[in-house]
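J.: The file below is protein_36.pdb, PDB, N, CA and C atoms, pLDDT in the B column:
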```
ATOM      1  N   MET A  22      -5.717 -11.478   3.076  1.00 47.00           N
ATOM      2  CA  MET A  22      -4.560 -10.652   3.382  1.00 47.00           C
ATOM      3  C   MET A  22      -3.293 -11.452   3.122  1.00 47.00           C
ATOM      4  N   THR A  23      -2.229 -10.755   2.714  1.00 53.00           N
ATOM      5  CA  THR A  23      -0.980 -11.450   2.448  1.00 53.00           C
ATOM      6  C   THR A  23      -0.333 -11.901   3.748  1.00 53.00           C
ATOM      7  N   GLU A  24       0.579 -12.837   3.636  1.00 59.00           N
ATOM      8  CA  GLU A  24       1.257 -13.392   4.795  1.00 59.00           C
ATOM      9  C   GLU A  24       2.064 -12.316   5.504  1.00 59.00           C
ATOM     10  N   GLN A  25       2.001 -12.302   6.830  1.00 62.00           N
ATOM     11  CA  GLN A  25       2.644 -11.260   7.620  1.00 62.00           C
ATOM     12  C   GLN A  25       4.008 -11.657   8.162  1.00 62.00           C
ATOM     13  N   THR A  26       4.495 -12.859   7.878  1.00 76.00           N
ATOM     14  CA  THR A  26       5.789 -13.269   8.402  1.00 76.00           C
ATOM     15  C   THR A  26       6.897 -12.574   7.644  1.00 76.00           C
ATOM     16  N   ASN A  27       7.917 -12.180   8.364  1.00 86.00           N
ATOM     17  CA  ASN A  27       9.103 -11.561   7.789  1.00 86.00           C
ATOM     18  C   ASN A  27       8.768 -10.319   6.965  1.00 86.00           C
ATOM     19  N   THR A  28       7.872  -9.483   7.456  1.00 88.00           N
ATOM     20  CA  THR A  28       7.541  -8.246   6.760  1.00 88.00           C
ATOM     21  C   THR A  28       8.422  -7.122   7.283  1.00 88.00           C
ATOM     22  N   LYS A  29       8.578  -6.091   6.488  1.00 92.00           N
ATOM     23  CA  LYS A  29       9.378  -4.922   6.848  1.00 92.00           C
ATOM     24  C   LYS A  29       8.500  -3.687   6.826  1.00 92.00           C
ATOM     25  N   PHE A  30       8.886  -2.704   7.599  1.00 93.00           N
ATOM     26  CA  PHE A  30       8.162  -1.447   7.717  1.00 93.00           C
ATOM     27  C   PHE A  30       8.827  -0.401   6.832  1.00 93.00           C
ATOM     28  N   ILE A  31       8.012   0.355   6.076  1.00 93.00           N
ATOM     29  CA  ILE A  31       8.533   1.496   5.325  1.00 93.00           C
ATOM     30  C   ILE A  31       7.719   2.728   5.687  1.00 93.00           C
ATOM     31  N   LYS A  32       8.320   3.866   5.505  1.00 96.00           N
ATOM     32  CA  LYS A  32       7.639   5.134   5.768  1.00 96.00           C
ATOM     33  C   LYS A  32       7.513   5.860   4.436  1.00 96.00           C
ATOM     34  N   VAL A  33       6.327   6.384   4.161  1.00 95.00           N
ATOM     35  CA  VAL A  33       6.064   7.070   2.900  1.00 95.00           C
ATOM     36  C   VAL A  33       5.557   8.473   3.214  1.00 95.00           C
ATOM     37  N   PHE A  34       6.136   9.448   2.545  1.00 97.00           N
ATOM     38  CA  PHE A  34       5.699  10.831   2.715  1.00 97.00           C
ATOM     39  C   PHE A  34       4.770  11.206   1.571  1.00 97.00           C
ATOM     40  N   LEU A  35       3.566  11.660   1.920  1.00 97.00           N
ATOM     41  CA  LEU A  35       2.561  12.077   0.946  1.00 97.00           C
ATOM     42  C   LEU A  35       2.042  13.450   1.333  1.00 97.00           C
ATOM     43  N   SER A  36       1.527  14.164   0.361  1.00 98.00           N
ATOM     44  CA  SER A  36       0.871  15.430   0.689  1.00 98.00           C
ATOM     45  C   SER A  36      -0.376  15.104   1.514  1.00 98.00           C
ATOM     46  N   PRO A  37      -0.825  16.040   2.327  1.00 98.00           N
ATOM     47  CA  PRO A  37      -2.052  15.786   3.102  1.00 98.00           C
ATOM     48  C   PRO A  37      -3.237  15.454   2.203  1.00 98.00           C
ATOM     49  N   GLU A  38      -3.317  16.093   1.038  1.00 98.00           N
ATOM     50  CA  GLU A  38      -4.429  15.841   0.116  1.00 98.00           C
ATOM     51  C   GLU A  38      -4.394  14.404  -0.413  1.00 98.00           C
ATOM     52  N   THR A  39      -3.204  13.950  -0.809  1.00 98.00           N
ATOM     53  CA  THR A  39      -3.069  12.586  -1.317  1.00 98.00           C
ATOM     54  C   THR A  39      -3.351  11.576  -0.228  1.00 98.00           C
ATOM     55  N   LYS A  40      -2.842  11.815   0.957  1.00 98.00           N
ATOM     56  CA  LYS A  40      -3.066  10.898   2.082  1.00 98.00           C
ATOM     57  C   LYS A  40      -4.553  10.798   2.404  1.00 98.00           C
ATOM     58  N   ASN A  41      -5.237  11.933   2.426  1.00 98.00           N
ATOM     59  CA  ASN A  41      -6.666  11.925   2.737  1.00 98.00           C
ATOM     60  C   ASN A  41      -7.479  11.247   1.644  1.00 98.00           C
ATOM     61  N   ALA A  42      -7.130  11.490   0.389  1.00 98.00           N
ATOM     62  CA  ALA A  42      -7.838  10.837  -0.719  1.00 98.00           C
ATOM     63  C   ALA A  42      -7.637   9.325  -0.661  1.00 98.00           C
ATOM     64  N   PHE A  43      -6.411   8.891  -0.353  1.00 98.00           N
ATOM     65  CA  PHE A  43      -6.112   7.467  -0.220  1.00 98.00           C
ATOM     66  C   PHE A  43      -6.908   6.858   0.929  1.00 98.00           C
ATOM     67  N   LYS A  44      -6.962   7.563   2.043  1.00 98.00           N
ATOM     68  CA  LYS A  44      -7.708   7.092   3.216  1.00 98.00           C
ATOM     69  C   LYS A  44      -9.197   6.935   2.897  1.00 98.00           C
ATOM     70  N   VAL A  45      -9.764   7.922   2.220  1.00 98.00           N
ATOM     71  CA  VAL A  45     -11.191   7.882   1.861  1.00 98.00           C
ATOM     72  C   VAL A  45     -11.471   6.726   0.905  1.00 98.00           C
ATOM     73  N   LYS A  46     -10.617   6.584  -0.112  1.00 98.00           N
ATOM     74  CA  LYS A  46     -10.833   5.511  -1.097  1.00 98.00           C
ATOM     75  C   LYS A  46     -10.714   4.137  -0.432  1.00 98.00           C
ATOM     76  N   CYS A  47      -9.745   3.968   0.448  1.00 98.00           N
ATOM     77  CA  CYS A  47      -9.608   2.692   1.165  1.00 98.00           C
ATOM     78  C   CYS A  47     -10.832   2.418   2.030  1.00 98.00           C
ATOM     79  N   ALA A  48     -11.335   3.457   2.682  1.00 98.00           N
ATOM     80  CA  ALA A  48     -12.533   3.288   3.521  1.00 98.00           C
ATOM     81  C   ALA A  48     -13.735   2.880   2.675  1.00 98.00           C
ATOM     82  N   LYS A  49     -13.872   3.492   1.498  1.00 98.00           N
ATOM     83  CA  LYS A  49     -14.989   3.141   0.608  1.00 98.00           C
ATOM     84  C   LYS A  49     -14.895   1.695   0.139  1.00 98.00           C
ATOM     85  N   GLU A  50     -13.668   1.210  -0.032  1.00 98.00           N
ATOM     86  CA  GLU A  50     -13.451  -0.177  -0.467  1.00 98.00           C
ATOM     87  C   GLU A  50     -13.346  -1.141   0.711  1.00 98.00           C
ATOM     88  N   ASP A  51     -13.453  -0.599   1.928  1.00 98.00           N
ATOM     89  CA  ASP A  51     -13.360  -1.387   3.166  1.00 98.00           C
ATOM     90  C   ASP A  51     -12.072  -2.216   3.214  1.00 98.00           C
ATOM     91  N   VAL A  52     -10.957  -1.562   2.892  1.00 98.00           N
ATOM     92  CA  VAL A  52      -9.655  -2.217   2.926  1.00 98.00           C
ATOM     93  C   VAL A  52      -8.695  -1.335   3.725  1.00 98.00           C
ATOM     94  N   PRO A  53      -7.908  -1.933   4.614  1.00 97.00           N
ATOM     95  CA  PRO A  53      -6.944  -1.135   5.376  1.00 97.00           C
ATOM     96  C   PRO A  53      -5.923  -0.464   4.447  1.00 97.00           C
ATOM     97  N   MET A  54      -5.521   0.737   4.803  1.00 97.00           N
ATOM     98  CA  MET A  54      -4.560   1.481   3.995  1.00 97.00           C
ATOM     99  C   MET A  54      -3.265   0.697   3.801  1.00 97.00           C
ATOM    100  N   SER A  55      -2.798   0.051   4.828  1.00 95.00           N
ATOM    101  CA  SER A  55      -1.556  -0.718   4.746  1.00 95.00           C
ATOM    102  C   SER A  55      -1.678  -1.862   3.743  1.00 95.00           C
ATOM    103  N   GLU A  56      -2.811  -2.550   3.787  1.00 96.00           N
ATOM    104  CA  GLU A  56      -3.029  -3.671   2.858  1.00 96.00           C
ATOM    105  C   GLU A  56      -3.076  -3.182   1.414  1.00 96.00           C
ATOM    106  N   LYS A  57      -3.767  -2.061   1.173  1.00 97.00           N
ATOM    107  CA  LYS A  57      -3.871  -1.530  -0.188  1.00 97.00           C
ATOM    108  C   LYS A  57      -2.507  -1.058  -0.684  1.00 97.00           C
ATOM    109  N   ALA A  58      -1.743  -0.389   0.161  1.00 97.00           N
ATOM    110  CA  ALA A  58      -0.404   0.051  -0.226  1.00 97.00           C
ATOM    111  C   ALA A  58       0.466  -1.151  -0.569  1.00 97.00           C
ATOM    112  N   ARG A  59       0.372  -2.205   0.233  1.00 95.00           N
ATOM    113  CA  ARG A  59       1.130  -3.436  -0.028  1.00 95.00           C
ATOM    114  C   ARG A  59       0.750  -4.033  -1.372  1.00 95.00           C
ATOM    115  N   GLN A  60      -0.552  -4.100  -1.657  1.00 96.00           N
ATOM    116  CA  GLN A  60      -1.015  -4.641  -2.941  1.00 96.00           C
ATOM    117  C   GLN A  60      -0.482  -3.817  -4.110  1.00 96.00           C
ATOM    118  N   LEU A  61      -0.569  -2.509  -3.993  1.00 96.00           N
ATOM    119  CA  LEU A  61      -0.108  -1.630  -5.070  1.00 96.00           C
ATOM    120  C   LEU A  61       1.389  -1.791  -5.315  1.00 96.00           C
ATOM    121  N   ILE A  62       2.163  -1.849  -4.254  1.00 95.00           N
ATOM    122  CA  ILE A  62       3.616  -2.001  -4.390  1.00 95.00           C
ATOM    123  C   ILE A  62       3.957  -3.365  -4.971  1.00 95.00           C
ATOM    124  N   GLU A  63       3.346  -4.421  -4.452  1.00 94.00           N
ATOM    125  CA  GLU A  63       3.631  -5.767  -4.955  1.00 94.00           C
ATOM    126  C   GLU A  63       3.262  -5.899  -6.427  1.00 94.00           C
ATOM    127  N   ASN A  64       2.117  -5.350  -6.828  1.00 95.00           N
ATOM    128  CA  ASN A  64       1.701  -5.399  -8.235  1.00 95.00           C
ATOM    129  C   ASN A  64       2.677  -4.633  -9.112  1.00 95.00           C
ATOM    130  N   TRP A  65       3.125  -3.481  -8.667  1.00 94.00           N
ATOM    131  CA  TRP A  65       4.044  -2.664  -9.439  1.00 94.00           C
ATOM    132  C   TRP A  65       5.396  -3.360  -9.601  1.00 94.00           C
ATOM    133  N   VAL A  66       5.899  -3.968  -8.527  1.00 94.00           N
ATOM    134  CA  VAL A  66       7.183  -4.653  -8.564  1.00 94.00           C
ATOM    135  C   VAL A  66       7.117  -5.863  -9.503  1.00 94.00           C
ATOM    136  N   GLN A  67       6.008  -6.586  -9.477  1.00 93.00           N
ATOM    137  CA  GLN A  67       5.860  -7.788 -10.295  1.00 93.00           C
ATOM    138  C   GLN A  67       5.475  -7.474 -11.734  1.00 93.00           C
ATOM    139  N   LYS A  68       5.125  -6.248 -12.024  1.00 87.00           N
ATOM    140  CA  LYS A  68       4.612  -5.853 -13.336  1.00 87.00           C
ATOM    141  C   LYS A  68       5.513  -6.261 -14.493  1.00 87.00           C
ATOM    142  N   ASP A  69       6.807  -5.939 -14.394  1.00 78.00           N
ATOM    143  CA  ASP A  69       7.691  -6.268 -15.505  1.00 78.00           C
ATOM    144  C   ASP A  69       8.654  -7.408 -15.177  1.00 78.00           C
ATOM    145  N   GLY A  70       8.553  -7.929 -13.970  1.00 67.00           N
ATOM    146  CA  GLY A  70       9.374  -9.086 -13.588  1.00 67.00           C
ATOM    147  C   GLY A  70      10.815  -8.762 -13.268  1.00 67.00           C
ATOM    148  N   SER A  71      11.190  -7.514 -13.313  1.00 62.00           N
ATOM    149  CA  SER A  71      12.580  -7.166 -12.991  1.00 62.00           C
ATOM    150  C   SER A  71      12.671  -6.631 -11.563  1.00 62.00           C
ATOM    151  N   GLU A  72      13.879  -6.634 -11.069  1.00 56.00           N
ATOM    152  CA  GLU A  72      14.116  -6.120  -9.715  1.00 56.00           C
ATOM    153  C   GLU A  72      15.087  -4.991  -9.757  1.00 56.00           C
TER     154      GLU A  72
END
```
The structure in this file should be written as structure tokens.

T.:
Amino acid sequence: MTEQTNTKFIKVFLSPETKNAFKVKCAKEDVPMSEKARQLIENWVQKDGSE
């Protein structure tokens, strides 16, 4: 898991269908939803190296 110091909270609005699909997929991969969302966001931000 990534380091938890100095983390910030965000709120994301998803359709119920998307939220449920995300929850199921995370459960199948045995990864917490928060951790997977963090990984996806961090990978996307680092993808092109720009901010």

J.: Have a look at atom CA of A:Asp51 and atom C of A:Lys68 and let me know their distance in Å, one decimal.

T.: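 Those two atoms sit 26.3 Å apart.
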
J.: As an exercise, work out the distance from atom CA of A:Ala48 to atom CA of A:Lys29 in Å and give it to one decimal place.

T.: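 These two atoms are separated by 23.6 Å.
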
J.: Have a look at atom CA of A:Lys32 and atom CA of A:Met54 and let me know their distance in Å, one decimal.

T.: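 Separation between atom CA of A:Lys32 and atom CA of A:Met54: 12.9 Å.
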
J.: Show which residues sit within 12 Å of stretch 33-46 of chain A, as an NGL selection string. Count only C-alpha atoms, and ignore same-chain residues fewer than 2 positions away.

T.: :A and (30-31 or 48-59 or 61-62)

J.: Could you go through stretch 22-67 of chain A and tell me which residues DSSP, when run on the backbone, assigns to helix (DSSP H, G or I), listing them as a VMD selection string?

T.: chain A and resid 37 to 49 54 to 67

J.: Can you take the partial stretch 37-48 of chain A, add all heavy atoms, and return it as a short mmCIF file (atom, residue, chain, number, x, y, z; two decimals), in the coordinates of the input?

T.:
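That gives us result24.cif:
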```cif
data_model
loop_
_atom_site.label_atom_id
_atom_site.label_comp_id
_atom_site.auth_asym_id
_atom_site.auth_seq_id
_atom_site.Cartn_x
_atom_site.Cartn_y
_atom_site.Cartn_z
N PRO A 37 -0.82 16.04 2.33
CA PRO A 37 -2.05 15.79 3.10
C PRO A 37 -3.24 15.45 2.20
O PRO A 37 -4.06 14.60 2.54
CB PRO A 37 -2.28 17.11 3.85
CG PRO A 37 -0.92 17.71 3.96
CD PRO A 37 -0.21 17.32 2.69
N GLU A 38 -3.32 16.09 1.04
CA GLU A 38 -4.43 15.84 0.12
C GLU A 38 -4.39 14.40 -0.41
O GLU A 38 -5.43 13.73 -0.46
CB GLU A 38 -4.39 16.83 -1.05
CG GLU A 38 -4.57 18.28 -0.65
CD GLU A 38 -3.31 18.95 -0.12
OE1 GLU A 38 -2.21 18.40 -0.26
OE2 GLU A 38 -3.45 20.05 0.46
N THR A 39 -3.20 13.95 -0.81
CA THR A 39 -3.07 12.59 -1.32
C THR A 39 -3.35 11.58 -0.23
O THR A 39 -4.05 10.58 -0.45
CB THR A 39 -1.66 12.36 -1.90
OG1 THR A 39 -1.45 13.30 -2.96
CG2 THR A 39 -1.50 10.95 -2.44
N LYS A 40 -2.84 11.82 0.96
CA LYS A 40 -3.07 10.90 2.08
C LYS A 40 -4.55 10.80 2.40
O LYS A 40 -5.10 9.70 2.59
CB LYS A 40 -2.28 11.37 3.31
CG LYS A 40 -2.34 10.41 4.48
CD LYS A 40 -3.34 10.90 5.48
CE LYS A 40 -3.34 10.06 6.74
NZ LYS A 40 -4.37 10.50 7.67
N ASN A 41 -5.24 11.93 2.43
CA ASN A 41 -6.67 11.92 2.74
C ASN A 41 -7.48 11.25 1.64
O ASN A 41 -8.41 10.50 1.94
CB ASN A 41 -7.16 13.34 3.00
CG ASN A 41 -6.67 13.90 4.31
OD1 ASN A 41 -6.38 13.16 5.25
ND2 ASN A 41 -6.53 15.21 4.38
N ALA A 42 -7.13 11.49 0.39
CA ALA A 42 -7.84 10.84 -0.72
C ALA A 42 -7.64 9.32 -0.66
O ALA A 42 -8.57 8.55 -0.90
CB ALA A 42 -7.35 11.39 -2.06
N PHE A 43 -6.41 8.89 -0.35
CA PHE A 43 -6.11 7.47 -0.22
C PHE A 43 -6.91 6.86 0.93
O PHE A 43 -7.51 5.78 0.79
CB PHE A 43 -4.61 7.28 -0.01
CG PHE A 43 -4.15 5.85 0.04
CD1 PHE A 43 -4.27 5.01 -1.05
CD2 PHE A 43 -3.57 5.34 1.20
CE1 PHE A 43 -3.84 3.69 -1.01
CE2 PHE A 43 -3.14 4.02 1.26
CZ PHE A 43 -3.28 3.20 0.16
N LYS A 44 -6.96 7.56 2.04
CA LYS A 44 -7.71 7.09 3.22
C LYS A 44 -9.20 6.94 2.90
O LYS A 44 -9.81 5.92 3.24
CB LYS A 44 -7.51 8.07 4.37
CG LYS A 44 -8.17 7.66 5.65
CD LYS A 44 -7.85 8.65 6.77
CE LYS A 44 -8.46 8.22 8.08
NZ LYS A 44 -8.10 9.13 9.17
N VAL A 45 -9.76 7.92 2.22
CA VAL A 45 -11.19 7.88 1.86
C VAL A 45 -11.47 6.73 0.90
O VAL A 45 -12.43 5.97 1.08
CB VAL A 45 -11.63 9.23 1.26
CG1 VAL A 45 -13.00 9.12 0.59
CG2 VAL A 45 -11.64 10.31 2.32
N LYS A 46 -10.62 6.58 -0.11
CA LYS A 46 -10.83 5.51 -1.10
C LYS A 46 -10.71 4.14 -0.43
O LYS A 46 -11.50 3.23 -0.72
CB LYS A 46 -9.85 5.64 -2.25
CG LYS A 46 -10.19 4.74 -3.40
CD LYS A 46 -9.61 5.23 -4.69
CE LYS A 46 -10.12 4.35 -5.81
NZ LYS A 46 -9.73 4.81 -7.11
N CYS A 47 -9.74 3.97 0.45
CA CYS A 47 -9.61 2.69 1.16
C CYS A 47 -10.83 2.42 2.03
O CYS A 47 -11.31 1.29 2.08
CB CYS A 47 -8.33 2.70 2.02
SG CYS A 47 -6.81 2.55 1.07
N ALA A 48 -11.34 3.46 2.68
CA ALA A 48 -12.53 3.29 3.52
C ALA A 48 -13.74 2.88 2.68
O ALA A 48 -14.50 2.00 3.07
CB ALA A 48 -12.82 4.58 4.28
#
```
